[in-house]
Amino acid sequence: MNGGCSSARSTDWRGCPVPNWPRLVRERLGALGIGAEREEEVVSELAGHFEDAYEGSLERSASPEQACAFAFAEVRNWSRLSREIRRATEEDPVNERTKYLWLPGMVMLFLSSVLLMYITRHGPLPVFVWIDPRVPLLLYVPWLVTLPVFGALGAYWSRRAGGRIRARIAAGVFPVLMLAGAFFMILPIAILFDRHIPFSMFVTSFGLLLLGWVLIPGAALLLGALPFLRNHANETSPSRE
Amino acid sequence: MTIVPASMKRGSAELAILSVLLEEPLHGYEISKRIEEHTGGVLRFNLASLYPMLYRLEKRGWVKASWQTTPSGRRRRCYSLTAAGRKQLPPLRDEWRLFFRALDRLAGVSRA
């Protein structure tokens with residue numbers, strides 16, 4: 001990937017009066033892995049530099065081909081430039097994870113929780129599904145209906161921040177991940193300390209809680225997140241996780 | 001005794017960029033041209049050395065960048081000096097002054 005003008009790819013601009021600088025830069029630079037948005041910005045900026053250098057040469061009476069060659073002579077080693085840019089723009093991985101996972105996830109958790117609180121107080125009563133005669137399965141239908149929106153927002157936000165598919169899924173289903181975590185922590189404690197309820201009932205209740213508060217809401221969130229698990233056509237390197 | 005840092009090369013690039021940005025906000029190509037003009041062509045920044053340095057300075061908060069439309073109607077990312085960047089200039093200048101004095105004492109550069 002060395003040397004713009006002497007590389008095989010440089011045939012792309014030969015004979016072309018106005019080269020497509022962004023495309024040429026994108027091709028040579030390759031995936032930077034710094035997040036789609038930032039990457040696009042870098043490509044635009046470098047393309048602008050090439051454009052100015054090219055036109056500067058034309059003003060100094062160079063032919064279009066010479067001007068192209070002069071412009072591309074500014075970069076001898078594209079892979080090195082790519083590495084240098086990545087190193088220079090890389091952020092602290094913790095900050096990055098915050099951007100593409102924790103922040104969208106926590107915001108969606110907060111919003112979906114607020115909505116659930118509102119629905120439990122002011123909304124219609126939950127639907128009781130008697131799968132087991134002893135314990136009903138509670139479903140807050142209006143809340144469940146809105147969950148795909150939160151899943152979509154979380155995954156979209158994560159994608160915009162440069163999150164990869166796993167991060168987008170995690171950001172999309174984040175609200176139920178927290179609930180699942182809480183359930184798995186509470187259950188053993190409840191079994192240990194509450195000796196009045198038979199173990200079989202514990203298992204049934206836990207299964208129904210898991211179904212009503214984790215699996216069904218999780219599926220709804222995932223449904224919303226699905227369209228954002230695919231990359232944009234012009235997205236070259238959504239990066240992390 | 002102050003020891004001149006090992007990162008002199010990088011330091012010289014930082015000093016050059018911060019110095020031209022002290023005059024006015026510029027985009028990358030203008031920065032390289034301005035440095036070349038001010039040094040009579042002795043110092044030249046090509047794209048490969050300029051942008052990683054600009055991004056490092058931006059990450060440190062010494063410069064900030066914003067997209068602006070030039071008089072010719074093109075969008076360019078213009079860099080300007082931040083207050084933190086402005087503060088970095090005097091110590092950088094002192095380091096270089098010290099370096100050149102030391103070199104002068106050693107090799108008589110100014111008398112050569």
# chains A, B, ... in the order shown; residues from 1 in each chain; ligands from 1
>>> closest_atom_pairs(of="chain B", to="chain A", cutoff="9 Å", atoms="only C-alpha atoms", output="JSON lines")
{"residue": "B:His27", "atom": "CA", "partner": "A:His49", "partner_atom": "CA", "distance": 8.7}
{"residue": "B:Gly28", "atom": "CA", "partner": "A:His49", "partner_atom": "CA", "distance": 6.7}
{"residue": "B:Tyr29", "atom": "CA", "partner": "A:His49", "partner_atom": "CA", "distance": 5.4}
{"residue": "B:Glu30", "atom": "CA", "partner": "A:His49", "partner_atom": "CA", "distance": 8.9}
{"residue": "B:Phe45", "atom": "CA", "partner": "A:Glu74", "partner_atom": "CA", "distance": 8.8}
{"residue": "B:Asn46", "atom": "CA", "partner": "A:Glu74", "partner_atom": "CA", "distance": 5.2}
{"residue": "B:Leu47", "atom": "CA", "partner": "A:Glu74", "partner_atom": "CA", "distance": 5.5}
{"residue": "B:Ala48", "atom": "CA", "partner": "A:Val75", "partner_atom": "CA", "distance": 5.4}
{"residue": "B:Ser49", "atom": "CA", "partner": "A:Leu81", "partner_atom": "CA", "distance": 8.1}
{"residue": "B:Tyr51", "atom": "CA", "partner": "A:Ile85", "partner_atom": "CA", "distance": 7.4}
{"residue": "B:Pro52", "atom": "CA", "partner": "A:Ile85", "partner_atom": "CA", "distance": 5.0}
{"residue": "B:Met53", "atom": "CA", "partner": "A:Ala88", "partner_atom": "CA", "distance": 7.3}
{"residue": "B:Leu54", "atom": "CA", "partner": "A:Ala88", "partner_atom": "CA", "distance": 8.5}
{"residue": "B:Tyr55", "atom": "CA", "partner": "A:Ala88", "partner_atom": "CA", "distance": 5.7}
{"residue": "B:Arg56", "atom": "CA", "partner": "A:Ala88", "partner_atom": "CA", "distance": 5.0}
{"residue": "B:Leu57", "atom": "CA", "partner": "A:Ala88", "partner_atom": "CA", "distance": 8.7}
{"residue": "B:Glu58", "atom": "CA", "partner": "A:Thr89", "partner_atom": "CA", "distance": 8.7}
{"residue": "B:Lys59", "atom": "CA", "partner": "A:Thr89", "partner_atom": "CA", "distance": 6.9}
{"residue": "B:Arg74", "atom": "CA", "partner": "A:Gly48", "partner_atom": "CA", "distance": 8.3}
{"residue": "B:Arg75", "atom": "CA", "partner": "A:Gly48", "partner_atom": "CA", "distance": 7.9}
{"residue": "B:Arg76", "atom": "CA", "partner": "A:Glu45", "partner_atom": "CA", "distance": 6.6}
{"residue": "B:Arg77", "atom": "CA", "partner": "A:Glu45", "partner_atom": "CA", "distance": 6.4}
>>> write_last_selection(atoms="C-alpha atoms", output="CSV table (one decimal), in the first residue's frame")
chain,number,residue,atom,x,y,z
B,27,HIS,CA,-6.7,24.3,7.9
B,28,GLY,CA,-4.2,21.6,7.4
B,29,TYR,CA,-2.9,22.5,4.0
B,30,GLU,CA,-2.7,26.2,5.0
B,45,PHE,CA,5.3,19.2,6.6
B,46,ASN,CA,3.8,16.7,4.3
B,47,LEU,CA,0.4,15.2,4.9
B,48,ALA,CA,1.8,12.1,6.5
B,49,SER,CA,3.6,14.0,9.2
B,51,TYR,CA,-2.2,15.2,10.4
B,52,PRO,CA,-1.2,12.6,13.0
B,53,MET,CA,0.5,15.5,14.8
B,54,LEU,CA,-2.6,17.7,14.5
B,55,TYR,CA,-4.8,14.9,15.9
B,56,ARG,CA,-2.4,14.4,18.8
B,57,LEU,CA,-2.5,18.1,19.6
B,58,GLU,CA,-6.3,18.0,19.3
B,59,LYS,CA,-6.5,15.1,21.7
B,74,ARG,CA,-15.2,24.2,0.2
B,75,ARG,CA,-15.5,22.6,3.6
B,76,ARG,CA,-12.2,22.4,5.5
B,77,ARG,CA,-11.4,21.5,9.0
>>> select_by_dssp(residues="stretch 26-211 of chain A", states="alpha helix (DSSP H)", output="PyMOL selection string")
chain A and resi 26-29+36-59+64-72+78-89+93-97+103-122+141-160+165-172+174-193+199-210
>>> residues_around(residues="B:Lys87", least_positions_apart="5", cutoff="12 Å", atoms="only C-alpha atoms", output="list in words")
Leu15, Leu18, Ser19, Leu22, Gly61, Trp62, Val63, Leu81, Thr82, Leu92 and Arg93 of chain B
>>> atom_distance(atom1="atom CA of A:Val107", atom2="atom CA of A:Leu179")
14.7 Å
>>> residues_around(residues="A:Thr120", least_positions_apart="2", cutoff="12 Å", atoms="only C-alpha atoms", output="PDB file with N, CA and C atoms, in the first residue's frame")
ATOM      1  N   SER A 113     -37.281   2.383  32.274  1.00  0.00           N
ATOM      2  CA  SER A 113     -37.716   2.241  33.669  1.00  0.00           C
ATOM      3  C   SER A 113     -38.723   3.327  34.043  1.00  0.00           C
ATOM      4  N   VAL A 114     -38.425   4.546  33.602  1.00  0.00           N
ATOM      5  CA  VAL A 114     -39.352   5.658  33.894  1.00  0.00           C
ATOM      6  C   VAL A 114     -40.716   5.371  33.261  1.00  0.00           C
ATOM      7  N   LEU A 115     -40.665   4.888  32.045  1.00  0.00           N
ATOM      8  CA  LEU A 115     -41.926   4.582  31.362  1.00  0.00           C
ATOM      9  C   LEU A 115     -42.685   3.466  32.079  1.00  0.00           C
ATOM     10  N   LEU A 116     -41.949   2.463  32.517  1.00  0.00           N
ATOM     11  CA  LEU A 116     -42.591   1.352  33.241  1.00  0.00           C
ATOM     12  C   LEU A 116     -43.229   1.858  34.537  1.00  0.00           C
ATOM     13  N   MET A 117     -42.511   2.728  35.235  1.00  0.00           N
ATOM     14  CA  MET A 117     -43.061   3.294  36.487  1.00  0.00           C
ATOM     15  C   MET A 117     -44.348   4.057  36.200  1.00  0.00           C
ATOM     16  N   TYR A 118     -44.310   4.819  35.134  1.00  0.00           N
ATOM     17  CA  TYR A 118     -45.494   5.603  34.773  1.00  0.00           C
ATOM     18  C   TYR A 118     -46.662   4.674  34.446  1.00  0.00           C
ATOM     19  N   HIS A 122     -50.108   4.811  36.320  1.00  0.00           N
ATOM     20  CA  HIS A 122     -51.204   5.495  35.614  1.00  0.00           C
ATOM     21  C   HIS A 122     -51.775   4.702  34.446  1.00  0.00           C
ATOM     22  N   GLY A 123     -51.111   3.662  34.059  1.00  0.00           N
ATOM     23  CA  GLY A 123     -51.545   2.925  32.877  1.00  0.00           C
ATOM     24  C   GLY A 123     -52.553   1.834  33.214  1.00  0.00           C
ATOM     25  N   PRO A 124     -52.919   1.044  32.227  1.00  0.00           N
ATOM     26  CA  PRO A 124     -53.854  -0.055  32.468  1.00  0.00           C
ATOM     27  C   PRO A 124     -53.214  -1.157  33.330  1.00  0.00           C
ATOM     28  N   LEU A 125     -54.056  -1.982  33.916  1.00  0.00           N
ATOM     29  CA  LEU A 125     -53.541  -3.075  34.753  1.00  0.00           C
ATOM     30  C   LEU A 125     -52.778  -4.079  33.890  1.00  0.00           C
ATOM     31  N   PRO A 126     -51.822  -4.785  34.514  1.00  0.00           N
ATOM     32  CA  PRO A 126     -51.090  -5.777  33.724  1.00  0.00           C
ATOM     33  C   PRO A 126     -51.987  -6.951  33.343  1.00  0.00           C
ATOM     34  N   VAL A 127     -51.583  -7.622  32.302  1.00  0.00           N
ATOM     35  CA  VAL A 127     -52.304  -8.826  31.880  1.00  0.00           C
ATOM     36  C   VAL A 127     -51.765  -9.998  32.706  1.00  0.00           C
ATOM     37  N   LEU A 138     -47.055 -11.889  34.817  1.00  0.00           N
ATOM     38  CA  LEU A 138     -47.535 -10.502  34.657  1.00  0.00           C
ATOM     39  C   LEU A 138     -46.934  -9.874  33.400  1.00  0.00           C
ATOM     40  N   LEU A 139     -47.792  -9.319  32.590  1.00  0.00           N
ATOM     41  CA  LEU A 139     -47.277  -8.660  31.387  1.00  0.00           C
ATOM     42  C   LEU A 139     -47.825  -7.237  31.278  1.00  0.00           C
ATOM     43  N   TYR A 140     -46.916  -6.266  31.292  1.00  0.00           N
ATOM     44  CA  TYR A 140     -47.332  -4.870  31.077  1.00  0.00           C
ATOM     45  C   TYR A 140     -47.283  -4.617  29.561  1.00  0.00           C
ATOM     46  N   VAL A 141     -48.392  -4.869  28.933  1.00  0.00           N
ATOM     47  CA  VAL A 141     -48.423  -4.860  27.464  1.00  0.00           C
ATOM     48  C   VAL A 141     -48.002  -3.500  26.871  1.00  0.00           C
ATOM     49  N   PRO A 142     -48.537  -2.369  27.387  1.00  0.00           N
ATOM     50  CA  PRO A 142     -48.118  -1.088  26.779  1.00  0.00           C
ATOM     51  C   PRO A 142     -46.599  -0.879  26.855  1.00  0.00           C
ATOM     52  N   TRP A 143     -45.998  -1.336  27.959  1.00  0.00           N
ATOM     53  CA  TRP A 143     -44.537  -1.214  28.110  1.00  0.00           C
ATOM     54  C   TRP A 143     -43.825  -2.106  27.087  1.00  0.00           C
TER      55      TRP A 143
END
>>> closest_residue(among="A:Arg23, A:Arg121, A:Arg230, A:Arg134", to="A:Arg159", atoms="only C-alpha atoms")
A:Arg230
>>> select_by_dssp(residues="stretch 48-230 of chain A", states="strand (DSSP E or B)", output="list in words")
Asn77, Val127, Phe128, Val129, Leu137, Leu138, Leu139 and Gly163 of chain A
>>> write_last_selection(atoms="N, CA and C atoms", output="CSV table (one decimal), in the first residue's frame")
chain,number,residue,atom,x,y,z
A,77,ASN,N,4.0,6.1,2.6
A,77,ASN,CA,3.6,4.8,3.2
A,77,ASN,C,2.2,4.9,3.8
A,127,VAL,N,-51.6,-7.6,32.3
A,127,VAL,CA,-52.3,-8.8,31.9
A,127,VAL,C,-51.8,-10.0,32.7
A,128,PHE,N,-52.7,-10.8,33.3
A,128,PHE,CA,-52.3,-11.9,34.1
A,128,PHE,C,-52.4,-13.2,33.2
A,129,VAL,N,-51.3,-13.9,33.1
A,129,VAL,CA,-51.4,-15.1,32.3
A,129,VAL,C,-51.1,-16.3,33.2
A,137,LEU,N,-48.2,-15.0,35.4
A,137,LEU,CA,-47.2,-14.3,34.6
A,137,LEU,C,-47.8,-12.9,34.4
A,138,LEU,N,-47.1,-11.9,34.8
A,138,LEU,CA,-47.5,-10.5,34.7
A,138,LEU,C,-46.9,-9.9,33.4
A,139,LEU,N,-47.8,-9.3,32.6
A,139,LEU,CA,-47.3,-8.7,31.4
A,139,LEU,C,-47.8,-7.2,31.3
A,163,GLY,N,-19.7,1.3,17.8
A,163,GLY,CA,-19.8,-0.1,18.4
A,163,GLY,C,-20.0,-1.2,17.4
>>> residues_around(residues="A:Val214", least_positions_apart="5", cutoff="8 Å", atoms="only C-alpha atoms", output="VMD selection string")
chain A and resid 176 to 177 179 to 180 209
>>> atom_distance(atom1="atom CA of B:Pro91", atom2="atom CA of B:Leu43")
20.8 Å
>>> atom_distance(atom1="atom CA of A:Pro148", atom2="atom CA of A:Ala220")
5.1 Å
>>> closest_residue(among="A:Ala67, A:Thr204, A:Gly35, A:Leu147", to="A:Gly218", atoms="only C-alpha atoms")
A:Leu147
>>> closest_residue(among="A:Leu226, A:Ile131, A:Leu111, A:Leu103", to="A:Leu211", atoms="only C-alpha atoms")
A:Ile131
>>> decode(residues="stretch 216-231 of chain A", atoms="N, CA and C atoms", output="JSON list (two decimals), in the first residue's frame")
[["chain", "number", "residue", "atom", "x", "y", "z"],
["A", 216, "ILE", "N", -39.23, -12.09, 27.43],
["A", 216, "ILE", "CA", -40.17, -11.41, 26.51],
["A", 216, "ILE", "C", -39.73, -9.96, 26.25],
["A", 217, "PRO", "N", -39.41, -9.17, 27.31],
["A", 217, "PRO", "CA", -38.91, -7.81, 27.02],
["A", 217, "PRO", "C", -37.61, -7.84, 26.21],
["A", 218, "GLY", "N", -36.76, -8.82, 26.49],
["A", 218, "GLY", "CA", -35.50, -8.94, 25.75],
["A", 218, "GLY", "C", -35.75, -9.16, 24.27],
["A", 219, "ALA", "N", -36.72, -10.01, 23.98],
["A", 219, "ALA", "CA", -37.06, -10.28, 22.58],
["A", 219, "ALA", "C", -37.59, -9.01, 21.91],
["A", 220, "ALA", "N", -38.41, -8.26, 22.67],
["A", 220, "ALA", "CA", -38.95, -7.01, 22.11],
["A", 220, "ALA", "C", -37.84, -6.00, 21.84],
["A", 221, "LEU", "N", -36.90, -5.90, 22.77],
["A", 221, "LEU", "CA", -35.77, -4.97, 22.58],
["A", 221, "LEU", "C", -34.91, -5.39, 21.40],
["A", 222, "LEU", "N", -34.65, -6.67, 21.33],
["A", 222, "LEU", "CA", -33.82, -7.20, 20.24],
["A", 222, "LEU", "C", -34.47, -6.97, 18.88],
["A", 223, "LEU", "N", -35.78, -7.10, 18.87],
["A", 223, "LEU", "CA", -36.53, -6.87, 17.64],
["A", 223, "LEU", "C", -36.28, -5.45, 17.12],
["A", 224, "GLY", "N", -36.31, -4.50, 18.05],
["A", 224, "GLY", "CA", -36.06, -3.10, 17.67],
["A", 224, "GLY", "C", -34.61, -2.88, 17.24],
["A", 225, "ALA", "N", -33.70, -3.61, 17.89],
["A", 225, "ALA", "CA", -32.26, -3.40, 17.61],
["A", 225, "ALA", "C", -31.84, -4.01, 16.27],
["A", 226, "LEU", "N", -32.59, -5.01, 15.82],
["A", 226, "LEU", "CA", -32.18, -5.77, 14.62],
["A", 226, "LEU", "C", -31.79, -4.91, 13.40],
["A", 227, "PRO", "N", -32.62, -3.90, 13.04],
["A", 227, "PRO", "CA", -32.24, -3.13, 11.83],
["A", 227, "PRO", "C", -30.90, -2.42, 11.97],
["A", 228, "PHE", "N", -30.44, -2.21, 13.19],
["A", 228, "PHE", "CA", -29.20, -1.44, 13.38],
["A", 228, "PHE", "C", -27.99, -2.34, 13.63],
["A", 229, "LEU", "N", -28.17, -3.62, 13.43],
["A", 229, "LEU", "CA", -27.03, -4.53, 13.59],
["A", 229, "LEU", "C", -26.23, -4.61, 12.29],
["A", 230, "ARG", "N", -26.84, -4.15, 11.21],
["A", 230, "ARG", "CA", -26.13, -4.12, 9.93],
["A", 230, "ARG", "C", -25.42, -2.79, 9.78],
["A", 231, "ASN", "N", -24.27, -2.81, 9.11],
["A", 231, "ASN", "CA", -23.54, -1.57, 8.88],
["A", 231, "ASN", "C", -24.17, -0.80, 7.73]]
